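Presented below is the structure to which this report refers.
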Amino acid sequence: MEFIDYYKILGVDKKSSESDIKKAYRKLARKYHPDLSPNDKEAERKFKEINEANEVLSNVENRKKYDKYGKDWKHAEEFEKAQQQRQHSQQSYQQQGSGGFSEHDYSDFFESMFGDHGSRGHNVQFKGQDYNAELQLDLNDVYTTHKRTLTVNGKNIRLTIPAGVKNGQVIKIKGHGGQGINNGPKGDLLIRFSIANNSKFKLDNDDLYTTVDLDLYLATLGGDLIVDTFDGKVKLKVQPETQNGTKVKLKGKGFPVYKKEGAFGNLYITYNVVIPTNLTDKEKELFNELAKLRSV
């Protein structure tokens with residue numbers, strides 16, 4: 001198998017941090033995404049290479065194996081086990097100064113163990129590499145369960161996105177990763193959700209929080225108030241003499257609970273009593289009369 005320089009593909013070097021690799025991947029993935037160039041075979045090939053490089057370099061353990069074993073990094077564990085067995089069997093020779101495997105033995109070992117011309121071990125099956133992808137959505141997108149088609153390595157995957165999925169959550173699509181070795185099972189596709197909240201509501205678990213302005217007169221005398229929830233407007237009954245900072249709970253008006261059909265969190269509203277400005281002379285006069293009444 002030809003060596004592929006994953007660092008070069010992402011435009012980074014071996015000293016790059018995880019953050020640098022993530023930034024480089026996102027930038028290139030946006031540039032070469034098949035949805036932007038549906039008929040561009042070169043962009044499709046480049047996008048596949050970028051994803052493959054990110055699979056390896058964004059995973060700490062995989063990156064260590066790749067840095068040490070190069071193109072044969074997937075079989076690092078098998079090599080190390082074989083190395084231990086050989087060292088054990090040659091213990092007497094080692095005591096006389098003879099060593100076990102050296103780094104120069106890597107390629108020969110992998111060729112004999114896993115190569116097409118190997119005389120032993122070529123029937124051992126290994127699961128294919130898992131692919132990692134990031135799906136960017138808005139909070140509105142995950143308020144209801146919906147379907148979306150993703151293009152991964154040139155293949156369209158129809159995905160059902162459950163309502164209430166959380167930012168940073170990862171779901172696994174079985175069998176949509178890399179090809180297995182020696183007819184082993186395919187790897188899986190791991191999709192991480194990156195969910196932006198551009199709404200006026202703060203989300204905490206499944207509960208939503210917001211602040212609503214309340215004019216002084218309604219706060220004092222009470223009455224009806226129309227407020228926004230995440231999925232529409234509702235009418236609230238404001239109690240007379242409502243104080244600034246008062247909190248009310250709207251049960252079941254929060255965010256959907258992940259994979260619990262019909263279950264929702266709560267919506268918590270904090271009232272912000274607004275003092276009127278630009279008063280007319282008449283209004284000032286009436287407030288003065290009210291102040292005198294309150295002082296009696």
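We label chains A, B, ... in the order they appear in the structure tokens, count residues from 1 in each chain, and number ligands from 1 in the order shown.
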Spatial neighbours of Asp138 of chain A, max dist 7 Å, only C-alpha atoms, sep filter under 5 positions, as a ChimeraX atom specification: /A:195-197
Since we have the selection now, will you write its residues out, keeping C-alpha atoms, as a CSV table (one decimal), in the first residue's frame?
```csv
chain,number,residue,atom,x,y,z
A,195,ILE,CA,-25.5,23.0,16.7
A,196,ALA,CA,-25.6,26.8,16.7
A,197,ASN,CA,-28.2,28.6,18.8
```
Test item: residues at most 6 Å from Tyr209 of chain A, only C-alpha atoms, excluding those fewer than 2 positions along its chain, as a VMD selection string: chain A and resid 201 to 202 267 to 268
Quick one: residues within 6 Å of segment 176-185 of chain A, only C-alpha atoms, excluding same-chain residues fewer than 3 positions away - as a PyMOL selection string? chain A and resi 125-131+188-189
List as a ChimeraX atom specification the protein and nucleic acid residues near Leu250 of chain A, meaning an atom at most 12 Å away when only C-alpha atoms are counted, but skip any in the same chain fewer than 6 places from it. /A:207-210,227-230,234-237,264-270
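The space separating atom CA of Ile21 of chain A from atom CA of Asp204 of chain A comes to 29.7 Å.
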Near Ala76 of chain A, within 9 Å and counting only C-alpha atoms, which residues show up once chain neighbours fewer than 5 positions away are dropped, as an MDAnalysis selection string? chainID A and resid 65:66 68:69 81
Residues from the last selection, all heavy atoms, saved as a PDB file, in the first residue's frame:
```
ATOM      1  N   LYS A  65      -0.080   6.035  16.348  1.00  0.00           N
ATOM      2  CA  LYS A  65       0.241   4.845  15.553  1.00  0.00           C
ATOM      3  C   LYS A  65       0.726   5.238  14.164  1.00  0.00           C
ATOM      4  O   LYS A  65       1.668   4.657  13.629  1.00  0.00           O
ATOM      5  CB  LYS A  65      -0.983   3.941  15.456  1.00  0.00           C
ATOM      6  CG  LYS A  65      -1.414   3.332  16.781  1.00  0.00           C
ATOM      7  CD  LYS A  65      -2.722   2.557  16.629  1.00  0.00           C
ATOM      8  CE  LYS A  65      -3.213   2.034  17.962  1.00  0.00           C
ATOM      9  NZ  LYS A  65      -4.524   1.352  17.846  1.00  0.00           N
ATOM     10  N   TYR A  66       0.058   6.233  13.586  1.00  0.00           N
ATOM     11  CA  TYR A  66       0.426   6.685  12.240  1.00  0.00           C
ATOM     12  C   TYR A  66       1.837   7.274  12.242  1.00  0.00           C
ATOM     13  O   TYR A  66       2.640   7.011  11.339  1.00  0.00           O
ATOM     14  CB  TYR A  66      -0.582   7.713  11.743  1.00  0.00           C
ATOM     15  CG  TYR A  66      -0.221   8.344  10.424  1.00  0.00           C
ATOM     16  CD1 TYR A  66      -0.373   7.657   9.227  1.00  0.00           C
ATOM     17  CD2 TYR A  66       0.286   9.643  10.379  1.00  0.00           C
ATOM     18  CE1 TYR A  66      -0.024   8.232   8.019  1.00  0.00           C
ATOM     19  CE2 TYR A  66       0.632  10.236   9.180  1.00  0.00           C
ATOM     20  CZ  TYR A  66       0.472   9.529   7.990  1.00  0.00           C
ATOM     21  OH  TYR A  66       0.819  10.103   6.805  1.00  0.00           O
ATOM     22  N   LYS A  68       4.241   6.511  14.118  1.00  0.00           N
ATOM     23  CA  LYS A  68       5.251   5.481  14.340  1.00  0.00           C
ATOM     24  C   LYS A  68       5.331   4.473  13.208  1.00  0.00           C
ATOM     25  O   LYS A  68       6.428   4.087  12.780  1.00  0.00           O
ATOM     26  CB  LYS A  68       4.954   4.746  15.653  1.00  0.00           C
ATOM     27  CG  LYS A  68       6.018   3.716  16.021  1.00  0.00           C
ATOM     28  CD  LYS A  68       5.763   3.131  17.401  1.00  0.00           C
ATOM     29  CE  LYS A  68       6.855   2.129  17.781  1.00  0.00           C
ATOM     30  NZ  LYS A  68       6.636   1.554  19.128  1.00  0.00           N
ATOM     31  N   TYR A  69       4.163   4.050  12.677  1.00  0.00           N
ATOM     32  CA  TYR A  69       4.144   2.955  11.719  1.00  0.00           C
ATOM     33  C   TYR A  69       3.810   3.366  10.291  1.00  0.00           C
ATOM     34  O   TYR A  69       3.810   2.532   9.392  1.00  0.00           O
ATOM     35  CB  TYR A  69       3.131   1.891  12.169  1.00  0.00           C
ATOM     36  CG  TYR A  69       3.486   1.238  13.486  1.00  0.00           C
ATOM     37  CD1 TYR A  69       2.791   1.557  14.645  1.00  0.00           C
ATOM     38  CD2 TYR A  69       4.513   0.308  13.569  1.00  0.00           C
ATOM     39  CE1 TYR A  69       3.111   0.963  15.858  1.00  0.00           C
ATOM     40  CE2 TYR A  69       4.837  -0.293  14.768  1.00  0.00           C
ATOM     41  CZ  TYR A  69       4.135   0.037  15.917  1.00  0.00           C
ATOM     42  OH  TYR A  69       4.453  -0.556  17.094  1.00  0.00           O
ATOM     43  N   LYS A  81       2.030  -7.225  19.338  1.00  0.00           N
ATOM     44  CA  LYS A  81       1.813  -8.540  19.949  1.00  0.00           C
ATOM     45  C   LYS A  81       2.818  -9.550  19.406  1.00  0.00           C
ATOM     46  O   LYS A  81       3.397 -10.344  20.147  1.00  0.00           O
ATOM     47  CB  LYS A  81       0.388  -9.012  19.672  1.00  0.00           C
ATOM     48  CG  LYS A  81      -0.665  -8.283  20.475  1.00  0.00           C
ATOM     49  CD  LYS A  81      -2.054  -8.794  20.126  1.00  0.00           C
ATOM     50  CE  LYS A  81      -3.123  -8.021  20.894  1.00  0.00           C
ATOM     51  NZ  LYS A  81      -4.496  -8.477  20.514  1.00  0.00           N
TER      52      LYS A  81
END
```
Excluding segment 44-59 of chain A and any residue of its chain fewer than 6 positions from it, enumerate the residues within 9 Å of it, using only C-alpha atoms, and give them as a PyMOL selection string. chain A and resi 4-7+9-10+18+21-22+25+28-29+31-34+37-38+66+129-133+152-154
What's around segment 155-170 of chain A at 8 Å? Count only C-alpha atoms, leave out sequence neighbours fewer than 6 positions away in its own chain, and write the answer as a PDB file with N, CA and C atoms, in the first residue's frame.
```pdb
ATOM      1  N   VAL A 142     -33.195  21.002  14.879  1.00  0.00           N
ATOM      2  CA  VAL A 142     -33.328  19.803  15.713  1.00  0.00           C
ATOM      3  C   VAL A 142     -34.501  19.910  16.686  1.00  0.00           C
ATOM      4  N   TYR A 143     -35.415  20.846  16.412  1.00  0.00           N
ATOM      5  CA  TYR A 143     -36.620  20.927  17.249  1.00  0.00           C
ATOM      6  C   TYR A 143     -37.609  19.829  16.870  1.00  0.00           C
ATOM      7  N   THR A 144     -37.565  19.395  15.618  1.00  0.00           N
ATOM      8  CA  THR A 144     -38.422  18.301  15.159  1.00  0.00           C
ATOM      9  C   THR A 144     -37.576  17.220  14.497  1.00  0.00           C
ATOM     10  N   THR A 145     -38.035  15.994  14.540  1.00  0.00           N
ATOM     11  CA  THR A 145     -37.358  14.902  13.859  1.00  0.00           C
ATOM     12  C   THR A 145     -37.503  15.085  12.352  1.00  0.00           C
ATOM     13  N   HIS A 146     -36.393  14.973  11.634  1.00  0.00           N
ATOM     14  CA  HIS A 146     -36.462  15.139  10.187  1.00  0.00           C
ATOM     15  C   HIS A 146     -35.362  14.309   9.511  1.00  0.00           C
ATOM     16  N   LYS A 147     -35.493  14.164   8.230  1.00  0.00           N
ATOM     17  CA  LYS A 147     -34.519  13.398   7.453  1.00  0.00           C
ATOM     18  C   LYS A 147     -33.623  14.357   6.667  1.00  0.00           C
ATOM     19  N   ARG A 148     -32.391  13.932   6.479  1.00  0.00           N
ATOM     20  CA  ARG A 148     -31.437  14.740   5.720  1.00  0.00           C
ATOM     21  C   ARG A 148     -30.489  13.798   4.964  1.00  0.00           C
ATOM     22  N   THR A 149     -30.109  14.198   3.768  1.00  0.00           N
ATOM     23  CA  THR A 149     -29.188  13.395   2.974  1.00  0.00           C
ATOM     24  C   THR A 149     -27.781  13.961   3.094  1.00  0.00           C
ATOM     25  N   LEU A 190     -19.170   7.925  12.184  1.00  0.00           N
ATOM     26  CA  LEU A 190     -19.476   8.618  13.432  1.00  0.00           C
ATOM     27  C   LEU A 190     -19.728  10.089  13.120  1.00  0.00           C
ATOM     28  N   ILE A 191     -20.951  10.529  13.393  1.00  0.00           N
ATOM     29  CA  ILE A 191     -21.338  11.901  13.066  1.00  0.00           C
ATOM     30  C   ILE A 191     -21.466  12.715  14.347  1.00  0.00           C
ATOM     31  N   ARG A 192     -20.675  13.768  14.423  1.00  0.00           N
ATOM     32  CA  ARG A 192     -20.739  14.688  15.571  1.00  0.00           C
ATOM     33  C   ARG A 192     -21.570  15.910  15.181  1.00  0.00           C
ATOM     34  N   PHE A 193     -22.534  16.272  16.025  1.00  0.00           N
ATOM     35  CA  PHE A 193     -23.413  17.400  15.735  1.00  0.00           C
ATOM     36  C   PHE A 193     -22.840  18.694  16.320  1.00  0.00           C
ATOM     37  N   SER A 194     -22.758  19.699  15.458  1.00  0.00           N
ATOM     38  CA  SER A 194     -22.371  21.044  15.881  1.00  0.00           C
ATOM     39  C   SER A 194     -23.587  21.936  15.698  1.00  0.00           C
ATOM     40  N   ILE A 195     -24.236  22.298  16.808  1.00  0.00           N
ATOM     41  CA  ILE A 195     -25.533  22.973  16.745  1.00  0.00           C
ATOM     42  C   ILE A 195     -25.406  24.405  17.245  1.00  0.00           C
ATOM     43  N   ALA A 196     -25.687  25.349  16.368  1.00  0.00           N
ATOM     44  CA  ALA A 196     -25.632  26.772  16.720  1.00  0.00           C
ATOM     45  C   ALA A 196     -26.992  27.233  17.226  1.00  0.00           C
ATOM     46  N   ASP A 206     -32.929  20.161  28.581  1.00  0.00           N
ATOM     47  CA  ASP A 206     -34.129  20.235  27.740  1.00  0.00           C
ATOM     48  C   ASP A 206     -34.980  21.458  28.079  1.00  0.00           C
ATOM     49  N   PHE A 255     -37.669  22.308  25.215  1.00  0.00           N
ATOM     50  CA  PHE A 255     -37.138  21.627  24.038  1.00  0.00           C
ATOM     51  C   PHE A 255     -37.478  20.145  24.095  1.00  0.00           C
ATOM     52  N   PRO A 256     -37.615  19.491  22.927  1.00  0.00           N
ATOM     53  CA  PRO A 256     -37.920  18.052  22.927  1.00  0.00           C
ATOM     54  C   PRO A 256     -36.847  17.253  23.661  1.00  0.00           C
ATOM     55  N   VAL A 257     -37.273  16.215  24.371  1.00  0.00           N
ATOM     56  CA  VAL A 257     -36.344  15.309  25.039  1.00  0.00           C
ATOM     57  C   VAL A 257     -35.891  14.257  24.023  1.00  0.00           C
ATOM     58  N   TYR A 258     -34.578  14.092  23.886  1.00  0.00           N
ATOM     59  CA  TYR A 258     -34.008  13.198  22.872  1.00  0.00           C
ATOM     60  C   TYR A 258     -34.547  11.774  23.011  1.00  0.00           C
ATOM     61  N   LYS A 259     -35.139  11.282  21.915  1.00  0.00           N
ATOM     62  CA  LYS A 259     -35.654   9.916  21.799  1.00  0.00           C
ATOM     63  C   LYS A 259     -36.706   9.576  22.857  1.00  0.00           C
TER      64      LYS A 259
END
```
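When atom CA of Val248 of chain A is paired with atom CA of Val212 of chain A, their separation reads 10.6 Å.
Here atom CA of Pro240 of chain A is placed at a distance of 26.1 Å from atom CA of Asp281 of chain A.
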